[in-house]
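J.: Please find target-v3.cif (mmCIF, N, CA and C atoms) on the next line:
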```cif
data_entry
loop_
_atom_site.group_PDB
_atom_site.id
_atom_site.type_symbol
_atom_site.label_atom_id
_atom_site.label_comp_id
_atom_site.auth_asym_id
_atom_site.auth_seq_id
_atom_site.Cartn_x
_atom_site.Cartn_y
_atom_site.Cartn_z
ATOM 1 N N MET A 837 -8.172 -15.218 -6.091
ATOM 2 C CA MET A 837 -8.940 -14.039 -6.390
ATOM 3 C C MET A 837 -9.229 -14.020 -7.889
ATOM 4 N N SER A 838 -10.422 -13.645 -8.236
ATOM 5 C CA SER A 838 -10.794 -13.599 -9.652
ATOM 6 C C SER A 838 -10.079 -12.436 -10.343
ATOM 7 N N ALA A 839 -9.957 -12.550 -11.639
ATOM 8 C CA ALA A 839 -9.313 -11.494 -12.421
ATOM 9 C C ALA A 839 -10.068 -10.178 -12.275
ATOM 10 N N SER A 840 -11.394 -10.238 -12.348
ATOM 11 C CA SER A 840 -12.170 -8.994 -12.242
ATOM 12 C C SER A 840 -12.058 -8.387 -10.843
ATOM 13 N N GLY A 841 -12.002 -9.226 -9.820
ATOM 14 C CA GLY A 841 -11.842 -8.730 -8.458
ATOM 15 C C GLY A 841 -10.491 -8.062 -8.265
ATOM 16 N N PHE A 842 -9.449 -8.653 -8.836
ATOM 17 C CA PHE A 842 -8.113 -8.091 -8.745
ATOM 18 C C PHE A 842 -8.036 -6.753 -9.476
ATOM 19 N N VAL A 843 -8.586 -6.684 -10.681
ATOM 20 C CA VAL A 843 -8.576 -5.437 -11.449
ATOM 21 C C VAL A 843 -9.368 -4.359 -10.716
ATOM 22 N N ASP A 844 -10.508 -4.724 -10.146
ATOM 23 C CA ASP A 844 -11.312 -3.761 -9.395
ATOM 24 C C ASP A 844 -10.528 -3.207 -8.205
ATOM 25 N N LEU A 845 -9.832 -4.076 -7.507
ATOM 26 C CA LEU A 845 -9.033 -3.642 -6.365
ATOM 27 C C LEU A 845 -7.902 -2.715 -6.808
ATOM 28 N N MET A 846 -7.239 -3.055 -7.902
ATOM 29 C CA MET A 846 -6.169 -2.193 -8.426
ATOM 30 C C MET A 846 -6.715 -0.825 -8.833
ATOM 31 N N ARG A 847 -7.899 -0.813 -9.405
ATOM 32 C CA ARG A 847 -8.513 0.472 -9.782
ATOM 33 C C ARG A 847 -8.771 1.321 -8.553
ATOM 34 N N LYS A 848 -9.246 0.696 -7.483
ATOM 35 C CA LYS A 848 -9.534 1.445 -6.260
ATOM 36 C C LYS A 848 -8.268 2.022 -5.643
ATOM 37 N N VAL A 849 -7.211 1.236 -5.559
ATOM 38 C CA VAL A 849 -5.999 1.741 -4.895
ATOM 39 C C VAL A 849 -5.273 2.791 -5.726
ATOM 40 N N THR A 850 -5.629 2.932 -6.992
ATOM 41 C CA THR A 850 -5.011 3.953 -7.845
ATOM 42 C C THR A 850 -5.983 5.060 -8.249
ATOM 43 N N ASP A 851 -7.156 5.088 -7.655
ATOM 44 C CA ASP A 851 -8.183 6.073 -7.996
ATOM 45 C C ASP A 851 -7.695 7.503 -7.727
ATOM 46 N N ALA A 852 -8.269 8.470 -8.428
ATOM 47 C CA ALA A 852 -7.897 9.873 -8.246
ATOM 48 C C ALA A 852 -8.362 10.420 -6.894
ATOM 49 N N ASP A 853 -9.412 9.853 -6.335
ATOM 50 C CA ASP A 853 -9.985 10.321 -5.075
ATOM 51 C C ASP A 853 -9.281 9.644 -3.891
ATOM 52 N N PRO A 854 -8.699 10.428 -2.983
ATOM 53 C CA PRO A 854 -7.990 9.822 -1.857
ATOM 54 C C PRO A 854 -8.892 8.960 -0.963
ATOM 55 N N ARG A 855 -10.169 9.277 -0.881
ATOM 56 C CA ARG A 855 -11.087 8.463 -0.067
ATOM 57 C C ARG A 855 -11.269 7.080 -0.682
ATOM 58 N N VAL A 856 -11.317 7.013 -2.000
ATOM 59 C CA VAL A 856 -11.438 5.728 -2.685
ATOM 60 C C VAL A 856 -10.136 4.946 -2.532
ATOM 61 N N ARG A 857 -8.998 5.631 -2.653
ATOM 62 C CA ARG A 857 -7.707 4.962 -2.453
ATOM 63 C C ARG A 857 -7.608 4.406 -1.035
ATOM 64 N N GLU A 858 -8.075 5.163 -0.065
ATOM 65 C CA GLU A 858 -8.042 4.704 1.322
ATOM 66 C C GLU A 858 -8.912 3.461 1.496
ATOM 67 N N ARG A 859 -10.144 3.499 0.998
ATOM 68 C CA ARG A 859 -11.041 2.332 1.105
ATOM 69 C C ARG A 859 -10.478 1.135 0.350
ATOM 70 N N GLY A 860 -9.925 1.367 -0.820
ATOM 71 C CA GLY A 860 -9.328 0.274 -1.589
ATOM 72 C C GLY A 860 -8.174 -0.358 -0.839
ATOM 73 N N SER A 861 -7.355 0.474 -0.209
ATOM 74 C CA SER A 861 -6.230 -0.040 0.568
ATOM 75 C C SER A 861 -6.719 -0.844 1.763
ATOM 76 N N GLU A 862 -7.799 -0.398 2.373
ATOM 77 C CA GLU A 862 -8.378 -1.147 3.485
ATOM 78 C C GLU A 862 -8.917 -2.496 3.009
ATOM 79 N N GLU A 863 -9.462 -2.530 1.804
ATOM 80 C CA GLU A 863 -9.958 -3.793 1.241
ATOM 81 C C GLU A 863 -8.822 -4.786 1.008
ATOM 82 N N VAL A 864 -7.642 -4.283 0.669
ATOM 83 C CA VAL A 864 -6.495 -5.154 0.448
ATOM 84 C C VAL A 864 -6.248 -6.010 1.684
ATOM 85 N N THR A 865 -6.436 -5.423 2.850
ATOM 86 C CA THR A 865 -6.151 -6.136 4.099
ATOM 87 C C THR A 865 -7.213 -7.177 4.444
ATOM 88 N N ASP A 866 -8.315 -7.187 3.726
ATOM 89 C CA ASP A 866 -9.389 -8.145 4.010
ATOM 90 C C ASP A 866 -9.040 -9.565 3.588
ATOM 91 N N TRP A 867 -8.187 -9.736 2.576
ATOM 92 C CA TRP A 867 -7.925 -11.061 2.019
ATOM 93 C C TRP A 867 -6.448 -11.361 1.806
ATOM 94 N N PRO A 868 -5.555 -11.087 2.713
ATOM 95 C CA PRO A 868 -4.137 -11.291 2.394
ATOM 96 C C PRO A 868 -3.793 -12.726 2.006
ATOM 97 N N SER A 869 -4.470 -13.696 2.549
ATOM 98 C CA SER A 869 -4.140 -15.090 2.210
ATOM 99 C C SER A 869 -4.768 -15.529 0.884
ATOM 100 N N ALA A 870 -5.637 -14.712 0.323
ATOM 101 C CA ALA A 870 -6.309 -15.071 -0.927
ATOM 102 C C ALA A 870 -5.491 -14.690 -2.167
ATOM 103 N N TYR A 871 -4.416 -13.913 -1.977
ATOM 104 C CA TYR A 871 -3.640 -13.452 -3.120
ATOM 105 C C TYR A 871 -2.603 -14.489 -3.529
ATOM 106 N N SER A 872 -2.449 -14.638 -4.826
ATOM 107 C CA SER A 872 -1.343 -15.455 -5.330
ATOM 108 C C SER A 872 -0.054 -14.681 -5.071
ATOM 109 N N PRO A 873 1.098 -15.336 -5.168
ATOM 110 C CA PRO A 873 2.363 -14.598 -5.003
ATOM 111 C C PRO A 873 2.474 -13.411 -5.968
ATOM 112 N N ALA A 874 2.074 -13.599 -7.195
ATOM 113 C CA ALA A 874 2.151 -12.512 -8.188
ATOM 114 C C ALA A 874 1.204 -11.370 -7.839
ATOM 115 N N GLU A 875 -0.003 -11.695 -7.379
ATOM 116 C CA GLU A 875 -0.966 -10.659 -6.999
ATOM 117 C C GLU A 875 -0.462 -9.871 -5.793
ATOM 118 N N ALA A 876 0.058 -10.562 -4.791
ATOM 119 C CA ALA A 876 0.580 -9.882 -3.602
ATOM 120 C C ALA A 876 1.718 -8.947 -3.976
ATOM 121 N N ALA A 877 2.633 -9.425 -4.809
ATOM 122 C CA ALA A 877 3.758 -8.597 -5.237
ATOM 123 C C ALA A 877 3.287 -7.400 -6.062
ATOM 124 N N ALA A 878 2.342 -7.622 -6.961
ATOM 125 C CA ALA A 878 1.826 -6.529 -7.799
ATOM 126 C C ALA A 878 1.108 -5.487 -6.959
ATOM 127 N N LEU A 879 0.296 -5.937 -6.011
ATOM 128 C CA LEU A 879 -0.403 -5.001 -5.127
ATOM 129 C C LEU A 879 0.593 -4.205 -4.291
ATOM 130 N N ALA A 880 1.581 -4.874 -3.726
ATOM 131 C CA ALA A 880 2.571 -4.181 -2.898
ATOM 132 C C ALA A 880 3.357 -3.157 -3.712
ATOM 133 N N THR A 881 3.753 -3.525 -4.918
ATOM 134 C CA THR A 881 4.491 -2.604 -5.776
ATOM 135 C C THR A 881 3.637 -1.401 -6.142
ATOM 136 N N THR A 882 2.387 -1.658 -6.501
ATOM 137 C CA THR A 882 1.477 -0.570 -6.850
ATOM 138 C C THR A 882 1.214 0.329 -5.657
ATOM 139 N N LEU A 883 0.940 -0.280 -4.508
ATOM 140 C CA LEU A 883 0.691 0.514 -3.307
ATOM 141 C C LEU A 883 1.910 1.346 -2.916
ATOM 142 N N SER A 884 3.108 0.811 -3.096
ATOM 143 C CA SER A 884 4.296 1.596 -2.743
ATOM 144 C C SER A 884 4.459 2.786 -3.688
ATOM 145 N N ALA A 885 4.137 2.592 -4.957
ATOM 146 C CA ALA A 885 4.214 3.695 -5.923
ATOM 147 C C ALA A 885 3.171 4.762 -5.610
ATOM 148 N N VAL A 886 1.969 4.321 -5.289
ATOM 149 C CA VAL A 886 0.906 5.271 -4.942
ATOM 150 C C VAL A 886 1.264 6.003 -3.647
ATOM 151 N N ALA A 887 1.777 5.270 -2.671
ATOM 152 C CA ALA A 887 2.150 5.879 -1.394
ATOM 153 C C ALA A 887 3.238 6.937 -1.575
ATOM 154 N N ALA A 888 4.143 6.706 -2.508
ATOM 155 C CA ALA A 888 5.243 7.643 -2.738
ATOM 156 C C ALA A 888 4.759 9.010 -3.188
ATOM 157 N N SER A 889 3.580 9.061 -3.793
ATOM 158 C CA SER A 889 3.045 10.352 -4.241
ATOM 159 C C SER A 889 1.798 10.778 -3.474
ATOM 160 N N GLU A 890 1.456 10.045 -2.417
ATOM 161 C CA GLU A 890 0.236 10.325 -1.650
ATOM 162 C C GLU A 890 0.389 11.593 -0.818
ATOM 163 N N ARG A 891 -0.605 12.435 -0.852
ATOM 164 C CA ARG A 891 -0.608 13.675 -0.070
ATOM 165 C C ARG A 891 -1.612 13.612 1.082
ATOM 166 N N ASP A 892 -2.527 12.666 1.035
ATOM 167 C CA ASP A 892 -3.539 12.518 2.080
ATOM 168 C C ASP A 892 -3.018 11.536 3.135
ATOM 169 N N HIS A 893 -2.845 12.004 4.359
ATOM 170 C CA HIS A 893 -2.240 11.167 5.396
ATOM 171 C C HIS A 893 -3.101 9.962 5.771
ATOM 172 N N SER A 894 -4.417 10.096 5.708
ATOM 173 C CA SER A 894 -5.288 8.948 6.010
ATOM 174 C C SER A 894 -5.145 7.870 4.948
ATOM 175 N N ALA A 895 -5.119 8.283 3.703
ATOM 176 C CA ALA A 895 -4.935 7.320 2.613
ATOM 177 C C ALA A 895 -3.552 6.685 2.705
ATOM 178 N N LEU A 896 -2.536 7.497 3.018
ATOM 179 C CA LEU A 896 -1.182 6.968 3.138
ATOM 180 C C LEU A 896 -1.092 5.942 4.267
ATOM 181 N N GLU A 897 -1.709 6.227 5.379
ATOM 182 C CA GLU A 897 -1.683 5.271 6.484
ATOM 183 C C GLU A 897 -2.328 3.953 6.069
ATOM 184 N N ALA A 898 -3.456 4.019 5.360
ATOM 185 C CA ALA A 898 -4.122 2.802 4.882
ATOM 186 C C ALA A 898 -3.238 2.051 3.883
ATOM 187 N N GLN A 899 -2.555 2.776 3.021
ATOM 188 C CA GLN A 899 -1.668 2.142 2.043
ATOM 189 C C GLN A 899 -0.512 1.428 2.727
ATOM 190 N N LEU A 900 0.091 2.090 3.686
ATOM 191 C CA LEU A 900 1.220 1.494 4.400
ATOM 192 C C LEU A 900 0.778 0.277 5.210
ATOM 193 N N HIS A 901 -0.395 0.375 5.807
ATOM 194 C CA HIS A 901 -0.925 -0.772 6.560
ATOM 195 C C HIS A 901 -1.186 -1.943 5.613
ATOM 196 N N ALA A 902 -1.739 -1.650 4.452
ATOM 197 C CA ALA A 902 -2.004 -2.712 3.467
ATOM 198 C C ALA A 902 -0.697 -3.371 3.023
ATOM 199 N N ILE A 903 0.329 -2.565 2.795
ATOM 200 C CA ILE A 903 1.626 -3.125 2.404
ATOM 201 C C ILE A 903 2.158 -4.021 3.520
ATOM 202 N N LEU A 904 2.040 -3.564 4.752
ATOM 203 C CA LEU A 904 2.493 -4.366 5.888
ATOM 204 C C LEU A 904 1.769 -5.703 5.938
ATOM 205 N N GLU A 905 0.464 -5.705 5.712
ATOM 206 C CA GLU A 905 -0.307 -6.949 5.686
ATOM 207 C C GLU A 905 0.150 -7.847 4.539
ATOM 208 N N LEU A 906 0.430 -7.250 3.395
ATOM 209 C CA LEU A 906 0.888 -8.039 2.251
ATOM 210 C C LEU A 906 2.251 -8.674 2.518
ATOM 211 N N THR A 907 3.100 -7.992 3.265
ATOM 212 C CA THR A 907 4.406 -8.571 3.565
ATOM 213 C C THR A 907 4.262 -9.826 4.429
ATOM 214 N N SER A 908 3.172 -9.912 5.181
ATOM 215 C CA SER A 908 2.962 -11.093 6.029
ATOM 216 C C SER A 908 2.675 -12.351 5.214
ATOM 217 N N THR A 909 2.395 -12.192 3.929
ATOM 218 C CA THR A 909 2.124 -13.355 3.071
ATOM 219 C C THR A 909 3.409 -14.089 2.706
ATOM 220 N N GLY A 910 4.541 -13.421 2.852
ATOM 221 C CA GLY A 910 5.808 -14.008 2.456
ATOM 222 C C GLY A 910 6.106 -13.855 0.974
ATOM 223 N N HIS A 911 5.216 -13.204 0.235
ATOM 224 C CA HIS A 911 5.384 -13.045 -1.211
ATOM 225 C C HIS A 911 5.929 -11.672 -1.606
ATOM 226 N N VAL A 912 6.094 -10.794 -0.625
ATOM 227 C CA VAL A 912 6.541 -9.434 -0.912
ATOM 228 C C VAL A 912 7.977 -9.281 -0.424
ATOM 229 N N GLN A 913 8.823 -8.803 -1.315
ATOM 230 C CA GLN A 913 10.226 -8.573 -1.010
ATOM 231 C C GLN A 913 10.477 -7.069 -0.906
ATOM 232 N N VAL A 914 11.552 -6.700 -0.270
ATOM 233 C CA VAL A 914 11.883 -5.285 -0.113
ATOM 234 C C VAL A 914 11.973 -4.589 -1.468
ATOM 235 N N ASP A 915 12.458 -5.284 -2.497
ATOM 236 C CA ASP A 915 12.570 -4.631 -3.806
ATOM 237 C C ASP A 915 11.210 -4.309 -4.423
ATOM 238 N N HIS A 916 10.139 -4.901 -3.933
ATOM 239 C CA HIS A 916 8.792 -4.532 -4.387
ATOM 240 C C HIS A 916 8.370 -3.179 -3.801
ATOM 241 N N LEU A 917 9.089 -2.729 -2.786
ATOM 242 C CA LEU A 917 8.681 -1.531 -2.046
ATOM 243 C C LEU A 917 9.616 -0.349 -2.256
ATOM 244 N N LEU A 918 10.466 -0.419 -3.255
ATOM 245 C CA LEU A 918 11.492 0.604 -3.442
ATOM 246 C C LEU A 918 10.940 2.012 -3.639
ATOM 247 N N HIS A 919 9.720 2.130 -4.146
ATOM 248 C CA HIS A 919 9.128 3.462 -4.324
ATOM 249 C C HIS A 919 8.959 4.187 -2.993
ATOM 250 N N LEU A 920 8.878 3.445 -1.899
ATOM 251 C CA LEU A 920 8.746 4.079 -0.588
ATOM 252 C C LEU A 920 9.949 4.951 -0.258
ATOM 253 N N ARG A 921 11.071 4.691 -0.884
ATOM 254 C CA ARG A 921 12.267 5.514 -0.654
ATOM 255 C C ARG A 921 12.095 6.941 -1.153
ATOM 256 N N ASP A 922 11.115 7.154 -2.026
ATOM 257 C CA ASP A 922 10.852 8.490 -2.555
ATOM 258 C C ASP A 922 10.075 9.365 -1.584
ATOM 259 N N ILE A 923 9.587 8.786 -0.500
ATOM 260 C CA ILE A 923 8.801 9.539 0.479
ATOM 261 C C ILE A 923 9.744 10.348 1.363
ATOM 262 N N ASP A 924 9.444 11.632 1.512
ATOM 263 C CA ASP A 924 10.214 12.507 2.394
ATOM 264 C C ASP A 924 9.691 12.293 3.814
ATOM 265 N N LEU A 925 10.435 11.557 4.602
ATOM 266 C CA LEU A 925 10.003 11.211 5.954
ATOM 267 C C LEU A 925 9.792 12.432 6.832
ATOM 268 N N GLN A 926 10.508 13.493 6.578
ATOM 269 C CA GLN A 926 10.387 14.706 7.397
ATOM 270 C C GLN A 926 9.015 15.358 7.266
ATOM 271 N N GLU A 927 8.298 15.059 6.183
ATOM 272 C CA GLU A 927 6.977 15.644 5.963
ATOM 273 C C GLU A 927 5.852 14.826 6.584
ATOM 274 N N LEU A 928 6.193 13.690 7.212
ATOM 275 C CA LEU A 928 5.182 12.784 7.749
ATOM 276 C C LEU A 928 5.097 12.855 9.260
ATOM 277 N N PRO A 929 3.897 12.558 9.799
ATOM 278 C CA PRO A 929 3.797 12.381 11.252
ATOM 279 C C PRO A 929 4.679 11.209 11.676
ATOM 280 N N SER A 930 5.131 11.210 12.911
ATOM 281 C CA SER A 930 6.101 10.209 13.376
ATOM 282 C C SER A 930 5.612 8.776 13.215
ATOM 283 N N GLU A 931 4.316 8.511 13.428
ATOM 284 C CA GLU A 931 3.831 7.137 13.291
ATOM 285 C C GLU A 931 3.919 6.639 11.845
ATOM 286 N N LEU A 932 3.731 7.530 10.894
ATOM 287 C CA LEU A 932 3.864 7.134 9.489
ATOM 288 C C LEU A 932 5.331 6.983 9.106
ATOM 289 N N GLN A 933 6.205 7.801 9.690
ATOM 290 C CA GLN A 933 7.642 7.642 9.461
ATOM 291 C C GLN A 933 8.079 6.239 9.878
ATOM 292 N N GLY A 934 7.577 5.786 11.026
ATOM 293 C CA GLY A 934 7.921 4.463 11.531
ATOM 294 C C GLY A 934 7.470 3.358 10.603
ATOM 295 N N TYR A 935 6.250 3.491 10.047
ATOM 296 C CA TYR A 935 5.745 2.509 9.086
ATOM 297 C C TYR A 935 6.702 2.372 7.903
ATOM 298 N N VAL A 936 7.059 3.519 7.326
ATOM 299 C CA VAL A 936 7.912 3.517 6.135
ATOM 300 C C VAL A 936 9.275 2.908 6.458
ATOM 301 N N THR A 937 9.855 3.327 7.552
ATOM 302 C CA THR A 937 11.169 2.818 7.954
ATOM 303 C C THR A 937 11.128 1.312 8.164
ATOM 304 N N ASP A 938 10.112 0.838 8.882
ATOM 305 C CA ASP A 938 9.987 -0.604 9.134
ATOM 306 C C ASP A 938 9.846 -1.404 7.843
ATOM 307 N N LEU A 939 9.062 -0.896 6.914
ATOM 308 C CA LEU A 939 8.854 -1.595 5.654
ATOM 309 C C LEU A 939 10.145 -1.669 4.830
ATOM 310 N N LEU A 940 10.891 -0.590 4.806
ATOM 311 C CA LEU A 940 12.112 -0.562 4.018
ATOM 312 C C LEU A 940 13.243 -1.379 4.646
ATOM 313 N N GLU A 941 13.177 -1.537 5.935
ATOM 314 C CA GLU A 941 14.196 -2.346 6.604
ATOM 315 C C GLU A 941 13.893 -3.834 6.525
ATOM 316 N N GLY A 942 12.693 -4.155 6.039
ATOM 317 C CA GLY A 942 12.326 -5.549 5.836
ATOM 318 C C GLY A 942 11.987 -6.224 7.109
#
```
Written as structure tokens, that's how I'd like the structure from this file.
T.:
Amino acid sequence: MSASGFVDLMRKVTDADPRVRERGSEEVTDWPSAYSPAEAAALATTLSAVAASERDHSALEAQLHAILELTSTGHVQVDHLLHLRDIDLQELPSELQGYVTDLLEG
């Protein structure tokens, strides 16, 4: 992935608008095999931090799905996802609770 493409993707997943964050997270899943190990780890870490403070359930679902896809690359470790522990599972719909639990259990 080019440097400008990576920076653009990072900008989208951290945008102030939840719709842009959702679309950016969906874009992450388009190229999981195109990321270097460092890019995959950086994206997963960033997405976990963003997810920890996400209030929009659609954006959160896209973020969690993107993280799950990134873990399939083999470049993402559980310690890249530690921010997910900050999510209050009781405030989430059950399907999103399952995503978070599965990701943290590795």
J.: Using only C-alpha atoms for the distances, tell me which of A:Ala874, A:Met837, A:Ala902, A:Ala888 is nearest to Gly860 in chain A.
T.: A:Ala902
J.: Can you spell out as an mmCIF file with N, CA and C atoms, keeping the file's coordinate frame the set of residues that the PyMOL selection byres (((chain A and resi 871 and name CA) around 12) and name CA) selects in the structure I just provided?
T.:
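Written out: selection_23.cif:
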```
data_model
loop_
_atom_site.group_PDB
_atom_site.id
_atom_site.type_symbol
_atom_site.label_atom_id
_atom_site.label_comp_id
_atom_site.auth_asym_id
_atom_site.auth_seq_id
_atom_site.Cartn_x
_atom_site.Cartn_y
_atom_site.Cartn_z
ATOM 1 N N MET A 837 -8.172 -15.218 -6.091
ATOM 2 C CA MET A 837 -8.940 -14.039 -6.390
ATOM 3 C C MET A 837 -9.229 -14.020 -7.889
ATOM 4 N N SER A 838 -10.422 -13.645 -8.236
ATOM 5 C CA SER A 838 -10.794 -13.599 -9.652
ATOM 6 C C SER A 838 -10.079 -12.436 -10.343
ATOM 7 N N ALA A 839 -9.957 -12.550 -11.639
ATOM 8 C CA ALA A 839 -9.313 -11.494 -12.421
ATOM 9 C C ALA A 839 -10.068 -10.178 -12.275
ATOM 10 N N GLY A 841 -12.002 -9.226 -9.820
ATOM 11 C CA GLY A 841 -11.842 -8.730 -8.458
ATOM 12 C C GLY A 841 -10.491 -8.062 -8.265
ATOM 13 N N PHE A 842 -9.449 -8.653 -8.836
ATOM 14 C CA PHE A 842 -8.113 -8.091 -8.745
ATOM 15 C C PHE A 842 -8.036 -6.753 -9.476
ATOM 16 N N LEU A 845 -9.832 -4.076 -7.507
ATOM 17 C CA LEU A 845 -9.033 -3.642 -6.365
ATOM 18 C C LEU A 845 -7.902 -2.715 -6.808
ATOM 19 N N VAL A 864 -7.642 -4.283 0.669
ATOM 20 C CA VAL A 864 -6.495 -5.154 0.448
ATOM 21 C C VAL A 864 -6.248 -6.010 1.684
ATOM 22 N N THR A 865 -6.436 -5.423 2.850
ATOM 23 C CA THR A 865 -6.151 -6.136 4.099
ATOM 24 C C THR A 865 -7.213 -7.177 4.444
ATOM 25 N N ASP A 866 -8.315 -7.187 3.726
ATOM 26 C CA ASP A 866 -9.389 -8.145 4.010
ATOM 27 C C ASP A 866 -9.040 -9.565 3.588
ATOM 28 N N TRP A 867 -8.187 -9.736 2.576
ATOM 29 C CA TRP A 867 -7.925 -11.061 2.019
ATOM 30 C C TRP A 867 -6.448 -11.361 1.806
ATOM 31 N N PRO A 868 -5.555 -11.087 2.713
ATOM 32 C CA PRO A 868 -4.137 -11.291 2.394
ATOM 33 C C PRO A 868 -3.793 -12.726 2.006
ATOM 34 N N SER A 869 -4.470 -13.696 2.549
ATOM 35 C CA SER A 869 -4.140 -15.090 2.210
ATOM 36 C C SER A 869 -4.768 -15.529 0.884
ATOM 37 N N ALA A 870 -5.637 -14.712 0.323
ATOM 38 C CA ALA A 870 -6.309 -15.071 -0.927
ATOM 39 C C ALA A 870 -5.491 -14.690 -2.167
ATOM 40 N N SER A 872 -2.449 -14.638 -4.826
ATOM 41 C CA SER A 872 -1.343 -15.455 -5.330
ATOM 42 C C SER A 872 -0.054 -14.681 -5.071
ATOM 43 N N PRO A 873 1.098 -15.336 -5.168
ATOM 44 C CA PRO A 873 2.363 -14.598 -5.003
ATOM 45 C C PRO A 873 2.474 -13.411 -5.968
ATOM 46 N N ALA A 874 2.074 -13.599 -7.195
ATOM 47 C CA ALA A 874 2.151 -12.512 -8.188
ATOM 48 C C ALA A 874 1.204 -11.370 -7.839
ATOM 49 N N GLU A 875 -0.003 -11.695 -7.379
ATOM 50 C CA GLU A 875 -0.966 -10.659 -6.999
ATOM 51 C C GLU A 875 -0.462 -9.871 -5.793
ATOM 52 N N ALA A 876 0.058 -10.562 -4.791
ATOM 53 C CA ALA A 876 0.580 -9.882 -3.602
ATOM 54 C C ALA A 876 1.718 -8.947 -3.976
ATOM 55 N N ALA A 877 2.633 -9.425 -4.809
ATOM 56 C CA ALA A 877 3.758 -8.597 -5.237
ATOM 57 C C ALA A 877 3.287 -7.400 -6.062
ATOM 58 N N ALA A 878 2.342 -7.622 -6.961
ATOM 59 C CA ALA A 878 1.826 -6.529 -7.799
ATOM 60 C C ALA A 878 1.108 -5.487 -6.959
ATOM 61 N N LEU A 879 0.296 -5.937 -6.011
ATOM 62 C CA LEU A 879 -0.403 -5.001 -5.127
ATOM 63 C C LEU A 879 0.593 -4.205 -4.291
ATOM 64 N N ALA A 880 1.581 -4.874 -3.726
ATOM 65 C CA ALA A 880 2.571 -4.181 -2.898
ATOM 66 C C ALA A 880 3.357 -3.157 -3.712
ATOM 67 N N GLU A 905 0.464 -5.705 5.712
ATOM 68 C CA GLU A 905 -0.307 -6.949 5.686
ATOM 69 C C GLU A 905 0.150 -7.847 4.539
ATOM 70 N N LEU A 906 0.430 -7.250 3.395
ATOM 71 C CA LEU A 906 0.888 -8.039 2.251
ATOM 72 C C LEU A 906 2.251 -8.674 2.518
ATOM 73 N N THR A 907 3.100 -7.992 3.265
ATOM 74 C CA THR A 907 4.406 -8.571 3.565
ATOM 75 C C THR A 907 4.262 -9.826 4.429
ATOM 76 N N SER A 908 3.172 -9.912 5.181
ATOM 77 C CA SER A 908 2.962 -11.093 6.029
ATOM 78 C C SER A 908 2.675 -12.351 5.214
ATOM 79 N N THR A 909 2.395 -12.192 3.929
ATOM 80 C CA THR A 909 2.124 -13.355 3.071
ATOM 81 C C THR A 909 3.409 -14.089 2.706
ATOM 82 N N GLY A 910 4.541 -13.421 2.852
ATOM 83 C CA GLY A 910 5.808 -14.008 2.456
ATOM 84 C C GLY A 910 6.106 -13.855 0.974
ATOM 85 N N HIS A 911 5.216 -13.204 0.235
ATOM 86 C CA HIS A 911 5.384 -13.045 -1.211
ATOM 87 C C HIS A 911 5.929 -11.672 -1.606
ATOM 88 N N VAL A 912 6.094 -10.794 -0.625
ATOM 89 C CA VAL A 912 6.541 -9.434 -0.912
ATOM 90 C C VAL A 912 7.977 -9.281 -0.424
#
```
J.: Please provide as a ChimeraX atom specification all residues within 7 Å of Leu896 in chain A, with the sequence filter that same-chain residues fewer than 6 positions apart are discarded (counting all atoms listed in the file).
T.: /A:858,887,890
J.: Between A:Leu917, A:Val843, A:Leu939, A:Leu928, which one has atoms that come closest to Ser884 in chain A, using only N, CA and C atoms?
T.: A:Leu917
J.: What is the CA of Ser930 in chain A to atom C of Thr850 in chain A distance in Å?
T.: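 The value is 25.3 Å.
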J.: Find the axis-aligned box for range 865-879 of chain A, covering all its listed atoms and adding 3 Å on each side, and write its centre and edge lengths in Å to one decimal as AutoDock Vina command-line options.
T.:
```
--center_x -2.8 --center_y -9.9 --center_z -1.9 --size_x 19.1 --size_y 17.3 --size_z 18.6
```
J.: What does the structure give for the distance between atom N of His893 in chain A and CA of Gly934 in chain A, in Å to one decimal?
T.: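 Computed distance, atom N of His893 in chain A to CA of Gly934 in chain A, equals 15.0 Å.
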J.: For each of A:Met846, A:Leu904, A:Asp853, A:Arg859, take the minimum atom-to-atom distance to Arg891 in chain A, counting only C-alpha atoms, then give the residue where this is smallest.
T.: A:Asp853
J.: Would you kindly translate the PyMOL selection byres ((chain A and resi 857) around 8) into the concrete residues it picks from this file, as a PyMOL selection string?
T.: chain A and resi 847-856+858-863+894-896+898-899
J.: Just how far from CA of Gln926 in chain A is CA of Leu900 in chain A, in Å to one decimal?
T.: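 Going from CA of Leu900 in chain A over to CA of Gln926 in chain A covers 16.4 Å.
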J.: Find the residue from A:Leu920, A:Pro929, A:Ser840, A:Asp938 that sits nearest to Val886 in chain A; use only N, CA and C atoms when measuring.
T.: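 Nearest candidate to Val886 in chain A out of A:Leu920, A:Pro929, A:Ser840, A:Asp938: A:Leu920.
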J.: Which residues come within 10 Å of His919 in chain A, counting only C-alpha atoms, excluding same-chain residues fewer than 3 positions away, as a ChimeraX atom specification?
T.: /A:881-889,915-916,922-923,940
J.: Looking at A:Arg921, A:Asp844, A:Leu932, A:Glu941, which one is nearest to Asp892 in chain A, with distances taken over only C-alpha atoms?
T.: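 For Asp892 in chain A, the nearest of the given residues is A:Leu932.
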